[in-house]
Amino acid sequence: MRVIVAGVGYRNLRDHSLGVEVTDRLAVRAGEDVVVEDLSYNPIAVVQRLEDEPPARRFARAVVVAAAERPGRAPGTVAAYRWDGALPADEEVHRAVTEAVTGVIALDNTLVVTRHFGALPDEVAVVEVEPAVHEFGDTLSAEMSGALGAVCDLVWTLATDPEAVARLPRTPLGGAAVAGGARR
């Protein structure tokens with residue numbers, strides 16, 4: 001089974017660089033069956049990238065990692081779930097595609113656009129970390145730095161262990177359960 005580990009974020013945007021940082025660190029572990037890529041670019045281009053895989057070599061699972069701001073979570077909180085694949089209402093999909101064309105790079109936007117166009121595999125595990133800062137810079141906050149090692153380990157486990165993915169709750173986008181039941 002082929003798996004893609006996909007980081008989403010902005011390089012040099014402090015905590016919102018998490019997805020890029022994780023893929024940079026995990027790239028050395030990549031191989032034939034686990035592909036690690038920074039997919040922090042136009043989601044329409046991500047659709048094309050995923051569709052470029054030969055049909056017999058398409059990815060069976062995606063593990064997507066990014067910083068994501070969600071109400072009520074403390075900075076540095078790690079949450080992981082199996083996305084149920086449900087898309088929002090048509091007007092929200094249209095907004096996501098419009099934002100994709102204008103260059104918005106965000107976890108939700110990338111997932112909605114790639115699912116809408118049928119480019120994602122059926123099994124998608126999402127790892128989100130609540131950012132502490134949203135500003136230009138090349139260092140992660142203390143909260144994000146403290147979570148980075150555990151996030152890399154979690155992402156790699158989800159990429160290589162189907163049982164680990166099966167244990168994740170299946171939820172809508174953004175309906176993440178905190179990994180391990182506690183803040184990390």
# chains A, B, ... in the order shown; residues from 1 in each chain; ligands from 1

call {"tool": "residues_around", "arguments": {"residues": "Leu18 of chain A", "least_positions_apart": "6", "cutoff": "9 Å", "atoms": "only C-alpha atoms", "output": "VMD selection string"}}
result
chain A and resid 7 to 11 65 to 67 129 131 140 144 148

call {"tool": "residues_around", "arguments": {"residues": "segment 154-161 of chain A", "least_positions_apart": "5", "cutoff": "7 Å", "atoms": "only C-alpha atoms", "output": "count of residues only"}}
result
4

call {"tool": "select_by_dssp", "arguments": {"residues": "segment 12-183 of chain A", "states": "alpha helix (DSSP H)", "output": "MDAnalysis selection string"}}
result
chainID A and resid 18:26 43:51 90:102 107:116 142:160 162:167

call {"tool": "residues_around", "arguments": {"residues": "Ala62 of chain A", "least_positions_apart": "5", "cutoff": "12 Å", "atoms": "only C-alpha atoms", "output": "VMD selection string"}}
result
chain A and resid 1 to 7 33 to 37 39 50 81 to 83 85 111 114 to 115 119 to 127 155 to 156 158 to 160 162 165

call {"tool": "closest_residue", "arguments": {"among": "A:Leu26, A:His16, A:Ser40, A:Arg170", "to": "Val104 of chain A", "atoms": "only C-alpha atoms"}}
result
A:Ser40

call {"tool": "closest_residue", "arguments": {"among": "A:Thr110, A:Val64, A:Pro75, A:Glu99", "to": "Thr23 of chain A", "atoms": "only C-alpha atoms"}}
result
A:Val64

call {"tool": "select_by_dssp", "arguments": {"residues": "segment 27-177 of chain A", "states": "strand (DSSP E or B)", "output": "list in words"}}
result
Val34, Val35, Val36, Glu37, Asp38, Arg61, Ala62, Val63, Val64, Val65, Ala66, Ala67, Val78, Ala79, Ala80, Tyr81, Arg82, Trp83, Glu123, Val124, Ala125, Val126, Val127, Glu128, Val129, Gly137, Arg170, Thr171 and Ala177 of chain A

call {"tool": "atom_distance", "arguments": {"atom1": "atom CA of Asp138 of chain A", "atom2": "atom CA of Asn12 of chain A"}}
result
4.6 Å

call {"tool": "closest_residue", "arguments": {"among": "A:Glu128, A:Asp90, A:Glu143, A:Asp84", "to": "Leu173 of chain A", "atoms": "only C-alpha atoms"}}
result
A:Asp84

call {"tool": "closest_residue", "arguments": {"among": "A:Leu168, A:Val112, A:Ile105, A:Ala60", "to": "Glu92 of chain A", "atoms": "only C-alpha atoms"}}
result
A:Val112

call {"tool": "atom_distance", "arguments": {"atom1": "atom CA of Arg57 of chain A", "atom2": "atom CA of Val93 of chain A"}}
result
27.7 Å

call {"tool": "atom_distance", "arguments": {"atom1": "atom CA of Arg49 of chain A", "atom2": "atom CA of Pro88 of chain A"}}
result
23.1 Å

call {"tool": "closest_residue", "arguments": {"among": "A:Glu21, A:Asp52, A:Asp15, A:Glu32", "to": "Ala142 of chain A", "atoms": "only C-alpha atoms"}}
result
A:Asp15
